[in-house]
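Text of the file data.json, holding JSON, C-alpha atoms and all ligand atoms:
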```json
[["chain", "number", "residue", "atom", "x", "y", "z"],
["N", 12, "MET", "CA", -16.24, 36.94, -9.48],
["N", 13, "ASP", "CA", -13.93, 39.67, -8.28],
["N", 14, "GLN", "CA", -11.99, 40.80, -11.37],
["N", 15, "ASN", "CA", -9.19, 42.12, -9.17],
["N", 16, "ASP", "CA", -8.82, 38.70, -7.59],
["N", 17, "LEU", "CA", -8.77, 37.08, -11.05],
["N", 18, "THR", "CA", -6.10, 39.59, -12.15],
["N", 19, "SER", "CA", -3.91, 38.85, -9.14],
["N", 20, "ALA", "CA", -4.47, 35.11, -9.49],
["N", 21, "ARG", "CA", -3.48, 35.35, -13.18],
["N", 22, "ALA", "CA", -0.31, 37.21, -12.16],
["N", 23, "ALA", "CA", 0.57, 34.39, -9.73],
["N", 24, "VAL", "CA", 0.09, 31.82, -12.50],
["N", 25, "GLU", "CA", 2.18, 33.89, -14.94],
["N", 26, "ARG", "CA", 5.07, 33.96, -12.42],
["N", 27, "ALA", "CA", 4.91, 30.24, -11.59],
["N", 28, "CYS", "CA", 7.26, 27.58, -12.96],
["N", 29, "ARG", "CA", 5.51, 24.69, -11.17],
["N", 30, "VAL", "CA", 1.73, 24.34, -10.86],
["N", 31, "PHE", "CA", -0.20, 21.67, -8.99],
["N", 32, "VAL", "CA", -3.92, 21.19, -9.71],
["N", 33, "LEU", "CA", -6.41, 19.27, -7.55],
["N", 34, "THR", "CA", -9.83, 18.75, -9.07],
["N", 35, "GLY", "CA", -13.10, 17.37, -7.74],
["N", 36, "ALA", "CA", -16.55, 16.57, -9.03],
["N", 37, "GLY", "CA", -17.29, 20.26, -9.69],
["N", 38, "ILE", "CA", -14.98, 20.47, -12.71],
["N", 39, "SER", "CA", -17.14, 17.85, -14.42],
["N", 40, "ALA", "CA", -20.47, 19.39, -13.41],
["N", 41, "GLU", "CA", -20.66, 21.42, -16.66],
["N", 42, "SER", "CA", -20.07, 18.18, -18.57],
["N", 43, "GLY", "CA", -23.28, 16.79, -17.04],
["N", 44, "VAL", "CA", -21.61, 14.54, -14.43],
["N", 45, "PRO", "CA", -23.63, 14.79, -11.17],
["N", 46, "THR", "CA", -21.66, 16.13, -8.21],
["N", 47, "PHE", "CA", -21.80, 14.33, -4.85],
["N", 48, "ARG", "CA", -22.74, 17.35, -2.75],
["N", 49, "GLY", "CA", -23.49, 21.02, -3.36],
["N", 50, "GLY", "CA", -26.80, 22.59, -4.12],
["N", 51, "GLY", "CA", -28.13, 21.24, -0.84],
["N", 52, "ARG", "CA", -28.38, 17.66, -1.99],
["N", 53, "SER", "CA", -26.29, 14.50, -1.84],
["N", 54, "LEU", "CA", -26.03, 11.76, -4.48],
["N", 55, "VAL", "CA", -28.19, 8.76, -3.52],
["N", 56, "TRP", "CA", -28.59, 5.30, -5.09],
["N", 57, "ARG", "CA", -31.36, 2.86, -4.09],
["N", 58, "GLY", "CA", -31.97, 5.07, -1.06],
["N", 59, "MET", "CA", -28.34, 4.79, 0.09],
["N", 60, "PRO", "CA", -26.14, 7.91, 0.36],
["N", 61, "PHE", "CA", -23.10, 7.60, -1.91],
["N", 62, "GLU", "CA", -20.73, 7.27, 1.05],
["N", 63, "GLN", "CA", -22.59, 4.04, 1.85],
["N", 64, "ILE", "CA", -23.05, 2.56, -1.64],
["N", 65, "SER", "CA", -19.46, 3.57, -2.52],
["N", 66, "SER", "CA", -17.95, 2.02, 0.59],
["N", 67, "ALA", "CA", -15.47, -0.87, 0.79],
["N", 68, "ARG", "CA", -17.92, -2.94, 2.85],
["N", 69, "MET", "CA", -20.38, -3.08, -0.07],
["N", 70, "VAL", "CA", -17.85, -5.01, -2.20],
["N", 71, "ASN", "CA", -18.13, -7.89, 0.27],
["N", 72, "ASP", "CA", -21.78, -7.36, 1.18],
["N", 73, "ASP", "CA", -23.33, -6.87, -2.25],
["N", 74, "LEU", "CA", -20.96, -6.77, -5.22],
["N", 75, "PRO", "CA", -23.83, -7.06, -7.76],
["N", 76, "LEU", "CA", -25.40, -3.88, -6.29],
["N", 77, "VAL", "CA", -22.02, -2.09, -6.49],
["N", 78, "TRP", "CA", -21.93, -3.05, -10.17],
["N", 79, "GLU", "CA", -25.49, -1.80, -10.64],
["N", 80, "TRP", "CA", -24.38, 1.57, -9.19],
["N", 81, "PHE", "CA", -21.26, 1.75, -11.33],
["N", 82, "ASP", "CA", -22.99, 0.54, -14.48],
["N", 83, "HIS", "CA", -25.39, 3.47, -13.92],
["N", 84, "ARG", "CA", -22.42, 5.85, -13.48],
["N", 85, "ILE", "CA", -20.69, 4.49, -16.62],
["N", 86, "GLU", "CA", -23.90, 4.90, -18.61],
["N", 87, "THR", "CA", -24.20, 8.51, -17.40],
["N", 88, "LEU", "CA", -20.55, 9.13, -18.35],
["N", 89, "SER", "CA", -21.14, 7.81, -21.87],
["N", 90, "HIS", "CA", -23.08, 11.04, -22.58],
["N", 91, "CYS", "CA", -20.51, 13.36, -20.93],
["N", 92, "LYS", "CA", -17.69, 15.15, -22.73],
["N", 93, "PRO", "CA", -14.85, 17.31, -21.39],
["N", 94, "ASN", "CA", -15.82, 20.98, -20.93],
["N", 95, "PRO", "CA", -13.75, 24.20, -21.35],
["N", 96, "GLY", "CA", -12.42, 23.75, -17.83],
["N", 97, "HIS", "CA", -10.84, 20.37, -18.65],
["N", 98, "ALA", "CA", -9.62, 21.79, -21.98],
["N", 99, "ALA", "CA", -7.98, 24.85, -20.37],
["N", 100, "LEU", "CA", -6.02, 22.65, -17.95],
["N", 101, "ALA", "CA", -4.91, 20.27, -20.72],
["N", 102, "GLU", "CA", -3.85, 23.21, -22.94],
["N", 103, "ALA", "CA", -1.88, 24.88, -20.13],
["N", 104, "GLN", "CA", -0.17, 21.58, -19.30],
["N", 105, "GLY", "CA", 0.82, 21.00, -22.92],
["N", 106, "SER", "CA", 1.82, 24.62, -23.65],
["N", 107, "GLY", "CA", 5.42, 24.36, -22.42],
["N", 108, "ARG", "CA", 4.86, 27.51, -20.29],
["N", 109, "PHE", "CA", 5.54, 25.58, -17.07],
["N", 110, "ASP", "CA", 8.37, 23.30, -15.91],
["N", 111, "GLU", "CA", 5.79, 21.23, -14.05],
["N", 112, "PHE", "CA", 2.00, 21.19, -14.45],
["N", 113, "THR", "CA", 0.63, 18.27, -12.43],
["N", 114, "ILE", "CA", -3.06, 17.39, -12.43],
["N", 115, "ALA", "CA", -4.41, 15.21, -9.60],
["N", 116, "THR", "CA", -8.11, 14.43, -9.61],
["N", 117, "GLN", "CA", -10.58, 12.92, -7.15],
["N", 118, "ASN", "CA", -12.85, 12.20, -10.08],
["N", 119, "VAL", "CA", -13.29, 8.75, -11.57],
["N", 120, "ASP", "CA", -14.77, 9.97, -14.88],
["N", 121, "GLY", "CA", -11.60, 10.02, -17.02],
["N", 122, "LEU", "CA", -12.52, 13.43, -18.53],
["N", 123, "HIS", "CA", -9.12, 15.06, -17.92],
["N", 124, "ALA", "CA", -7.37, 12.42, -20.05],
["N", 125, "GLU", "CA", -10.14, 12.65, -22.64],
["N", 126, "ALA", "CA", -9.43, 16.41, -22.86],
["N", 127, "GLY", "CA", -5.78, 15.65, -23.61],
["N", 128, "ALA", "CA", -4.22, 16.01, -20.16],
["N", 129, "ARG", "CA", -1.24, 13.74, -19.58],
["N", 130, "ASP", "CA", -0.07, 11.69, -16.58],
["N", 131, "VAL", "CA", -3.21, 12.56, -14.63],
["N", 132, "ILE", "CA", -2.98, 11.29, -11.05],
["N", 133, "GLU", "CA", -6.34, 9.51, -10.56],
["N", 134, "LEU", "CA", -6.38, 9.52, -6.77],
["N", 135, "HIS", "CA", -9.68, 7.61, -6.57],
["N", 136, "GLY", "CA", -9.23, 5.38, -9.64],
["N", 137, "ASN", "CA", -11.37, 5.30, -12.76],
["N", 138, "ALA", "CA", -15.02, 4.14, -13.02],
["N", 139, "ARG", "CA", -14.46, 2.94, -16.62],
["N", 140, "ARG", "CA", -12.00, 0.23, -15.47],
["N", 141, "ALA", "CA", -12.55, -3.08, -13.62],
["N", 142, "ARG", "CA", -10.03, -4.81, -11.33],
["N", 143, "CYS", "CA", -9.80, -8.47, -10.34],
["N", 144, "LEU", "CA", -10.40, -9.10, -6.64],
["N", 145, "ASP", "CA", -7.69, -11.76, -6.61],
["N", 146, "CYS", "CA", -4.96, -11.19, -9.19],
["N", 147, "GLY", "CA", -5.46, -7.43, -9.61],
["N", 148, "PHE", "CA", -5.78, -7.67, -13.41],
["N", 149, "ARG", "CA", -7.26, -4.43, -14.81],
["N", 150, "ILE", "CA", -9.30, -3.97, -17.96],
["N", 151, "LEU", "CA", -11.78, -1.43, -19.34],
["N", 152, "THR", "CA", -15.24, -2.52, -18.19],
["N", 153, "ALA", "CA", -16.46, -1.91, -21.76],
["N", 154, "ASP", "CA", -14.15, -4.76, -22.88],
["N", 155, "LEU", "CA", -15.88, -7.28, -20.56],
["N", 156, "PRO", "CA", -19.08, -9.23, -21.40],
["N", 157, "ALA", "CA", -21.92, -6.72, -20.80],
["N", 158, "GLY", "CA", -24.33, -9.14, -19.16],
["N", 159, "GLU", "CA", -21.83, -10.75, -16.77],
["N", 160, "ARG", "CA", -22.12, -9.17, -13.29],
["N", 161, "PRO", "CA", -19.92, -9.36, -11.37],
["N", 162, "PRO", "CA", -17.54, -9.73, -14.34],
["N", 163, "VAL", "CA", -15.22, -12.76, -14.32],
["N", 164, "CYS", "CA", -11.48, -12.07, -14.56],
["N", 165, "PRO", "CA", -10.26, -13.25, -17.98],
["N", 166, "VAL", "CA", -6.89, -14.15, -16.37],
["N", 167, "CYS", "CA", -7.75, -16.07, -13.19],
["N", 168, "GLY", "CA", -11.53, -16.51, -13.26],
["N", 169, "SER", "CA", -12.22, -14.61, -10.02],
["N", 170, "ALA", "CA", -14.83, -11.87, -9.63],
["N", 171, "MET", "CA", -13.94, -8.33, -10.65],
["N", 172, "ARG", "CA", -14.87, -4.97, -9.04],
["N", 173, "PRO", "CA", -14.86, -1.37, -10.27],
["N", 174, "ASP", "CA", -11.26, -0.05, -10.24],
["N", 175, "VAL", "CA", -12.01, 2.85, -7.89],
["N", 176, "VAL", "CA", -11.03, 3.70, -4.30],
["N", 177, "LEU", "CA", -14.13, 3.31, -2.15],
["N", 178, "PHE", "CA", -14.70, 4.98, 1.20],
["N", 179, "GLY", "CA", -12.71, 3.12, 3.85],
["N", 180, "GLU", "CA", -10.07, 1.98, 1.33],
["N", 181, "MET", "CA", -6.48, 3.21, 1.16],
["N", 182, "LEU", "CA", -5.46, 5.20, -1.90],
["N", 183, "ASP", "CA", -2.68, 3.84, -4.09],
["N", 184, "ALA", "CA", 0.47, 4.76, -2.15],
["N", 185, "GLY", "CA", 2.33, 5.85, -5.27],
["N", 186, "SER", "CA", -0.50, 8.11, -6.43],
["N", 187, "ILE", "CA", -0.91, 9.99, -3.17],
["N", 188, "ALA", "CA", 2.89, 10.25, -2.76],
["N", 189, "SER", "CA", 3.28, 11.74, -6.27],
["N", 190, "ALA", "CA", 0.48, 14.19, -5.59],
["N", 191, "ARG", "CA", 1.97, 15.21, -2.25],
["N", 192, "ASP", "CA", 5.39, 15.73, -3.84],
["N", 193, "ALA", "CA", 3.91, 17.91, -6.60],
["N", 194, "ALA", "CA", 1.91, 19.90, -4.04],
["N", 195, "ALA", "CA", 5.03, 20.44, -1.91],
["N", 196, "MET", "CA", 7.07, 21.70, -4.89],
["N", 197, "CYS", "CA", 4.55, 23.99, -6.61],
["N", 198, "GLU", "CA", 4.37, 27.81, -6.52],
["N", 199, "VAL", "CA", 0.67, 27.82, -7.42],
["N", 200, "CYS", "CA", -1.94, 25.26, -6.35],
["N", 201, "LEU", "CA", -5.26, 25.38, -8.23],
["N", 202, "VAL", "CA", -8.13, 23.72, -6.33],
["N", 203, "VAL", "CA", -11.06, 23.28, -8.70],
["N", 204, "GLY", "CA", -14.58, 22.05, -7.93],
["N", 205, "THR", "CA", -14.10, 20.22, -4.67],
["N", 206, "SER", "CA", -15.96, 20.50, -1.36],
["N", 207, "ALA", "CA", -12.59, 19.70, 0.27],
["N", 208, "LEU", "CA", -14.25, 17.19, 2.60],
["N", 209, "VAL", "CA", -12.69, 13.89, 1.49],
["N", 210, "TYR", "CA", -9.44, 12.76, 3.10],
["N", 211, "PRO", "CA", -6.60, 12.42, 2.20],
["N", 212, "ALA", "CA", -7.07, 14.42, -1.04],
["N", 213, "ASN", "CA", -8.26, 17.40, 1.01],
["N", 214, "GLU", "CA", -4.84, 17.62, 2.68],
["N", 215, "LEU", "CA", -3.02, 18.36, -0.58],
["N", 216, "PRO", "CA", -3.79, 22.12, -0.81],
["N", 217, "HIS", "CA", -2.54, 22.48, 2.77],
["N", 218, "VAL", "CA", 0.71, 20.75, 1.79],
["N", 219, "ALA", "CA", 1.09, 23.35, -0.98],
["N", 220, "ALA", "CA", 0.23, 26.28, 1.31],
["N", 221, "ALA", "CA", 2.70, 25.05, 3.96],
["N", 222, "ALA", "CA", 5.40, 25.06, 1.29],
["N", 223, "GLY", "CA", 4.62, 28.70, 0.46],
["N", 224, "ALA", "CA", 2.46, 28.20, -2.65],
["N", 225, "ALA", "CA", -0.41, 30.50, -3.59],
["N", 226, "VAL", "CA", -3.65, 28.51, -3.30],
["N", 227, "VAL", "CA", -6.32, 29.47, -5.85],
["N", 228, "GLU", "CA", -9.76, 28.02, -5.10],
["N", 229, "ILE", "CA", -12.21, 27.88, -8.03],
["N", 230, "ASN", "CA", -15.73, 27.11, -6.84],
["N", 231, "PRO", "CA", -19.15, 28.81, -6.87],
["N", 232, "GLU", "CA", -19.36, 28.21, -3.11],
["N", 233, "ASP", "CA", -17.17, 28.65, -0.04],
["N", 234, "THR", "CA", -15.60, 25.46, 1.31],
["N", 235, "PRO", "CA", -13.54, 24.56, 4.43],
["N", 236, "LEU", "CA", -10.49, 25.38, 2.27],
["N", 237, "THR", "CA", -11.60, 28.95, 1.51],
["N", 238, "PRO", "CA", -10.05, 30.52, 4.65],
["N", 239, "PHE", "CA", -6.71, 28.99, 3.65],
["N", 240, "SER", "CA", -6.88, 30.16, 0.04],
["N", 241, "THR", "CA", -4.81, 33.04, -1.32],
["N", 242, "HIS", "CA", -7.45, 33.69, -4.00],
["N", 243, "ALA", "CA", -11.05, 32.47, -3.91],
["N", 244, "LEU", "CA", -12.46, 32.77, -7.44],
["N", 245, "ARG", "CA", -16.23, 32.36, -7.16],
["N", 246, "GLY", "CA", -17.78, 30.89, -10.29],
["N", 247, "ALA", "CA", -17.84, 27.90, -12.62],
["N", 248, "ALA", "CA", -14.66, 26.11, -13.62],
["N", 249, "GLY", "CA", -15.63, 26.19, -17.31],
["N", 250, "GLU", "CA", -15.61, 29.98, -17.25],
["N", 251, "ILE", "CA", -12.84, 30.75, -14.76],
["N", 252, "LEU", "CA", -10.12, 28.32, -15.90],
["N", 253, "PRO", "CA", -9.94, 29.64, -19.49],
["N", 254, "ALA", "CA", -9.84, 33.23, -18.13],
["N", 255, "LEU", "CA", -7.17, 32.28, -15.59],
["N", 256, "LEU", "CA", -4.92, 30.20, -17.82],
["N", 257, "THR", "CA", -5.17, 31.73, -21.29],
["N", 258, "ARG", "CA", -1.94, 33.61, -21.98],
["N", 259, "ALA", "CA", -2.22, 37.37, -22.29],
["N", 260, "ALA", "CA", -1.95, 38.25, -25.99],
["N", 301, "LIG", "C1", -8.95, 6.61, 3.48],
["N", 301, "LIG", "C2", -14.60, 6.95, -5.74],
["N", 301, "LIG", "C3", -7.63, 5.55, 5.11],
["N", 301, "LIG", "C4", -15.89, 6.22, -5.47],
["N", 301, "LIG", "C5", -14.38, 8.50, -3.85],
["N", 301, "LIG", "C6", -14.33, 11.06, 9.35],
["N", 301, "LIG", "C7", -13.65, 12.27, 9.25],
["N", 301, "LIG", "C8", -12.68, 12.47, 8.28],
["N", 301, "LIG", "C9", -12.37, 11.45, 7.36],
["N", 301, "LIG", "C10", -13.06, 10.27, 7.46],
["N", 301, "LIG", "C11", -14.03, 10.06, 8.44],
["N", 301, "LIG", "N1", -14.53, 8.82, 8.27],
["N", 301, "LIG", "C12", -13.89, 8.22, 7.24],
["N", 301, "LIG", "C13", -12.99, 9.10, 6.74],
["N", 301, "LIG", "C14", -12.09, 8.89, 5.59],
["N", 301, "LIG", "C15", -12.87, 9.05, 4.29],
["N", 301, "LIG", "C16", -13.45, 10.45, 4.16],
["N", 301, "LIG", "O1", -12.73, 11.40, 3.92],
["N", 301, "LIG", "N2", -14.78, 10.57, 4.34],
["N", 301, "LIG", "C17", -15.42, 11.85, 4.23],
["N", 301, "LIG", "C18", -16.77, 11.68, 3.53],
["N", 301, "LIG", "C19", -15.59, 12.44, 5.64],
["N", 301, "LIG", "N3", -11.90, 8.85, 3.25],
["N", 301, "LIG", "C20", -11.65, 7.62, 2.81],
["N", 301, "LIG", "O2", -12.26, 6.64, 3.16],
["N", 301, "LIG", "C21", -10.48, 7.51, 1.86],
["N", 301, "LIG", "N4", -9.61, 6.47, 2.31],
["N", 301, "LIG", "O3", -9.07, 7.57, 4.21],
["N", 301, "LIG", "O4", -8.16, 5.53, 3.81],
["N", 301, "LIG", "C22", -8.74, 5.09, 6.02],
["N", 301, "LIG", "C23", -9.21, 3.81, 5.86],
["N", 301, "LIG", "C24", -10.23, 3.38, 6.72],
["N", 301, "LIG", "C25", -10.78, 4.25, 7.67],
["N", 301, "LIG", "C26", -10.32, 5.56, 7.79],
["N", 301, "LIG", "C27", -9.28, 5.99, 6.97],
["N", 301, "LIG", "C28", -11.00, 7.14, 0.48],
["N", 301, "LIG", "C29", -11.74, 8.32, -0.10],
["N", 301, "LIG", "C30", -12.08, 8.02, -1.57],
["N", 301, "LIG", "C31", -13.55, 7.73, -1.70],
["N", 301, "LIG", "N5", -13.89, 7.57, -3.11],
["N", 301, "LIG", "N6", -14.67, 8.30, -5.15],
["N", 301, "LIG", "C32", -17.04, 6.84, -6.24],
["N", 301, "LIG", "O5", -16.84, 7.82, -7.00],
["N", 301, "LIG", "O6", -18.16, 6.30, -6.07],
["N", 301, "LIG", "S1", -14.59, 10.03, -3.16],
["N", 301, "LIG", "C33", -15.82, 10.90, -3.94],
["N", 301, "LIG", "O7", -15.92, 12.13, -3.23],
["N", 301, "LIG", "C34", -15.52, 11.31, -5.35],
["N", 301, "LIG", "O8", -14.27, 10.89, -5.82],
["N", 301, "LIG", "C35", -15.52, 12.84, -5.24],
["N", 301, "LIG", "O9", -14.71, 13.46, -6.15],
["N", 301, "LIG", "C36", -14.99, 12.97, -3.88],
["N", 301, "LIG", "C37", -14.92, 14.26, -3.20],
["N", 301, "LIG", "O10", -16.01, 14.99, -3.48],
["N", 301, "LIG", "P1", -15.80, 16.28, -4.40],
["N", 301, "LIG", "O11", -14.99, 15.92, -5.56],
["N", 301, "LIG", "O12", -15.31, 17.39, -3.55],
["N", 301, "LIG", "O13", -17.27, 16.52, -4.89],
["N", 301, "LIG", "P2", -18.47, 17.22, -4.11],
["N", 301, "LIG", "O14", -19.72, 16.89, -4.85],
["N", 301, "LIG", "O15", -18.36, 16.93, -2.65],
["N", 301, "LIG", "O16", -18.18, 18.80, -4.28],
["N", 301, "LIG", "C38", -18.32, 19.37, -5.56],
["N", 301, "LIG", "C39", -17.85, 20.81, -5.42],
["N", 301, "LIG", "O17", -17.84, 21.40, -6.71],
["N", 301, "LIG", "C40", -18.75, 21.65, -4.54],
["N", 301, "LIG", "O18", -17.94, 22.42, -3.67],
["N", 301, "LIG", "C41", -19.48, 22.57, -5.54],
["N", 301, "LIG", "O19", -19.72, 23.85, -4.99],
["N", 301, "LIG", "C42", -18.47, 22.68, -6.63],
["N", 301, "LIG", "N7", -19.01, 22.94, -7.97],
["N", 301, "LIG", "C43", -20.24, 22.64, -8.46],
["N", 301, "LIG", "N8", -20.33, 23.05, -9.75],
["N", 301, "LIG", "C44", -19.12, 23.60, -10.07],
["N", 301, "LIG", "C45", -18.29, 23.53, -8.95],
["N", 301, "LIG", "N9", -17.02, 24.00, -8.96],
["N", 301, "LIG", "C46", -16.57, 24.57, -10.09],
["N", 301, "LIG", "N10", -17.31, 24.65, -11.23],
["N", 301, "LIG", "C47", -18.59, 24.19, -11.24],
["N", 301, "LIG", "N11", -19.32, 24.32, -12.38]]
```
Turn the structure described in the file into structure tokens.
Ligand code: BV8
Amino acid sequence: MDQNDLTSARAAVERACRVFVLTGAGISAESGVPTFRGGGRSLVWRGMPFEQISSARMVNDDLPLVWEWFDHRIETLSHCKPNPGHAALAEAQGSGRFDEFTIATQNVDGLHAEAGARDVIELHGNARRARCLDCGFRILTADLPAGERPPVCPVCGSAMRPDVVLFGEMLDAGSIASARDAAAMCEVCLVVGTSALVYPANELPHVAAAAGAAVVEINPEDTPLTPFSTHALRGAAGEILPALLTRAA
């Protein structure tokens, strides 16, 4: 990583009153959560690429298989803890250094909240929750009978699905609006561990840039966002975020 670029990125963060953060699967990689892409491979389940198994159509076509996929993801997550990248963001948010420090994530692993971050905008929902297909009741999947798949809604008796946004589904209007507003108001936009391929989350850094914010990309690899970034910090989130956000002594 270019130390000069880290120094100038740190200076931008020091000057900022409002920071907007967009994270993707890469920030959880060092916690042991598999990423979807990167490293030349794509996440596959039962021979299906994740865009297929995690698509809206599968809820109608094969809800038990969707639960098999998410039960596997939840089991994987049970061994994963927040890493120094999550911790650095939570600490910066809680430090009082900034008027606004908004974290929006594409991840469904809940690790930002587990690290102590507050009011995290979970753009794609949370894999640890289930949602009723009919009445919309939400509950932690761990609080439902383990052997019952698909789970039965304790309120209305209908089938339940994982409370995530699948490919082909609209994001919660309030969530994406809050994220857009925060991106439009920030002076610094941190983009951490995302391939910047998934719409509409991938538009958010461009909203920030259009409003004059400095965009700081933190990723070992180049992405389609790199040409639009003010600073491209090449490396792992768990190393870069503490170096970027820890206050100079
Ligand atoms: C919607 C929940 C309206 C489920 C997820 C054609 C062109 C353009 C768009 C589309 C298209 N066809 C369809 C679309 C729309 C589609 C889309 O964008 N598709 C993409 C694949 C082209 N989007 C949608 O469907 C969205 N809804 O648009 O509604 C609509 C409706 C109908 C039809 C059209 C439009 C809904 C998207 C939400 C999908 N749900 N998750 C689940 O988890 O199973 S998205 C899923 O991908 C995850 O949430 C994941 O976070 C997200 C994005 O991936 P990334 O987070 O970026 O992860 P990735 O692995 O790709 O990259 C990791 C990065 O980290 C890499 O760059 C790597 O280098 C880096 N990294 C690795 N290690 C580290 C690191 N970085 C830092 N530190 C490290 N240590």
The residue from N:Ser19, N:Gln63, N:Thr152, N:Asn71 with the smallest atom-to-atom distance to ligand LIG 301 (chain N), counting all atoms listed in the file, is N:Gln63
Taking all listed atoms of ligand LIG 301 (chain N), build the axis-aligned box, pad each of the six sides by 5 Å, then write its centre and edge lengths in Å to one decimal as lines of an AutoDock Vina configuration file.
```
center_x = -14.0
center_y = 14.0
center_z = -1.5
size_x = 22.7
size_y = 31.3
size_z = 31.7
```
Protein and nucleic acid residues within 6 Å of ligand LIG 301 (chain N) (only C-alpha atoms and all ligand atoms) as a PyMOL selection string:
chain N and resi 35-38+40-41+46-49+65+117-119+135+175-181+203-211+229-232+247-248
Could you dump the residues just selected with C-alpha atoms as an mmCIF file, keeping the file's coordinate frame?
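The result, written out as result_13.cif:
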```cif
data_model
loop_
_atom_site.group_PDB
_atom_site.id
_atom_site.type_symbol
_atom_site.label_atom_id
_atom_site.label_comp_id
_atom_site.auth_asym_id
_atom_site.auth_seq_id
_atom_site.Cartn_x
_atom_site.Cartn_y
_atom_site.Cartn_z
ATOM 1 C CA GLY N 35 -13.100 17.370 -7.740
ATOM 2 C CA ALA N 36 -16.550 16.570 -9.030
ATOM 3 C CA GLY N 37 -17.290 20.260 -9.690
ATOM 4 C CA ILE N 38 -14.980 20.470 -12.710
ATOM 5 C CA ALA N 40 -20.470 19.390 -13.410
ATOM 6 C CA GLU N 41 -20.660 21.420 -16.660
ATOM 7 C CA THR N 46 -21.660 16.130 -8.210
ATOM 8 C CA PHE N 47 -21.800 14.330 -4.850
ATOM 9 C CA ARG N 48 -22.740 17.350 -2.750
ATOM 10 C CA GLY N 49 -23.490 21.020 -3.360
ATOM 11 C CA SER N 65 -19.460 3.570 -2.520
ATOM 12 C CA GLN N 117 -10.580 12.920 -7.150
ATOM 13 C CA ASN N 118 -12.850 12.200 -10.080
ATOM 14 C CA VAL N 119 -13.290 8.750 -11.570
ATOM 15 C CA HIS N 135 -9.680 7.610 -6.570
ATOM 16 C CA VAL N 175 -12.010 2.850 -7.890
ATOM 17 C CA VAL N 176 -11.030 3.700 -4.300
ATOM 18 C CA LEU N 177 -14.130 3.310 -2.150
ATOM 19 C CA PHE N 178 -14.700 4.980 1.200
ATOM 20 C CA GLY N 179 -12.710 3.120 3.850
ATOM 21 C CA GLU N 180 -10.070 1.980 1.330
ATOM 22 C CA MET N 181 -6.480 3.210 1.160
ATOM 23 C CA VAL N 203 -11.060 23.280 -8.700
ATOM 24 C CA GLY N 204 -14.580 22.050 -7.930
ATOM 25 C CA THR N 205 -14.100 20.220 -4.670
ATOM 26 C CA SER N 206 -15.960 20.500 -1.360
ATOM 27 C CA ALA N 207 -12.590 19.700 0.270
ATOM 28 C CA LEU N 208 -14.250 17.190 2.600
ATOM 29 C CA VAL N 209 -12.690 13.890 1.490
ATOM 30 C CA TYR N 210 -9.440 12.760 3.100
ATOM 31 C CA PRO N 211 -6.600 12.420 2.200
ATOM 32 C CA ILE N 229 -12.210 27.880 -8.030
ATOM 33 C CA ASN N 230 -15.730 27.110 -6.840
ATOM 34 C CA PRO N 231 -19.150 28.810 -6.870
ATOM 35 C CA GLU N 232 -19.360 28.210 -3.110
ATOM 36 C CA ALA N 247 -17.840 27.900 -12.620
ATOM 37 C CA ALA N 248 -14.660 26.110 -13.620
#
```
Computed gap from CA of Cys200 in chain N to CA of Ala243 in chain N is 11.9 Å
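Surrounding residues of (-21.6, -1.4, -8.4) at most 10 Å away are Ile64, Ser65, Met69, Val70, Asp73, Leu74, Pro75, Leu76, Val77, Trp78, Glu79, Trp80, Phe81, Asp82, His83, Arg84, Ala138, Arg160, Pro161, Arg172 and Pro173 of chain N (based on all atoms listed in the file).
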- Query: Can you tell me how far CA of Gly121 in chain N sits from CA of Leu100 in chain N, in Å to one decimal?
  - Reply: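 So the answer is 13.8 Å.
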- Message: Could you list, as a ChimeraX atom specification, every residue within 10 Å of Arg149 in chain N, counting all atoms listed in the file and ignoring same-chain residues fewer than 5 positions away?
- Response: /N:140-144,164-166,171-174
Tell me which protein, DNA and RNA residues are within 8 Å of Val218 in chain N, counting all atoms listed in the file, leaving out same-chain ones fewer than 3 positions away, and put them as a PDB file with C-alpha atoms, in the coordinates of the input.
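The new file part_10.pdb reads:
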```pdb
ATOM      1  CA  ARG N 191       1.970  15.210  -2.250  1.00  0.00           C
ATOM      2  CA  ALA N 194       1.910  19.900  -4.040  1.00  0.00           C
ATOM      3  CA  ALA N 195       5.030  20.440  -1.910  1.00  0.00           C
ATOM      4  CA  GLU N 214      -4.840  17.620   2.680  1.00  0.00           C
ATOM      5  CA  LEU N 215      -3.020  18.360  -0.580  1.00  0.00           C
ATOM      6  CA  ALA N 221       2.700  25.050   3.960  1.00  0.00           C
ATOM      7  CA  ALA N 222       5.400  25.060   1.290  1.00  0.00           C
TER       8      ALA N 222
END
```
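Counting all atoms listed in the file and comparing N:Pro95, N:Phe31, N:Pro156, N:Ala126, the residue that lies closest to Ala220 in chain N is N:Phe31.
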Between CA of Glu102 in chain N and CA of Cys197 in chain N, distance in Å (one decimal):
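Interatomic distance, CA of Glu102 in chain N to CA of Cys197 in chain N: 18.4 Å.
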Counting all atoms listed in the file, closest pick from N:Phe61, N:Leu33, N:Asn15, N:His97 relative to Glu250 in chain N is N:His97
Item to complete: Skip Ser240 in chain N itself and residues of its chain fewer than 3 positions away, then list as a ChimeraX atom specification all residues within 7 Å of it, counting all atoms listed in the file.
Response: /N:226-228,236-237,243
Checklist entry - Within 8 Å of Leu256 in chain N, counting only C-alpha atoms, which residues qualify if same-chain residues fewer than 3 places away don't, as JSON, numbers by chain? => result {"N": [21, 24, 99, 100, 103, 252, 253]}
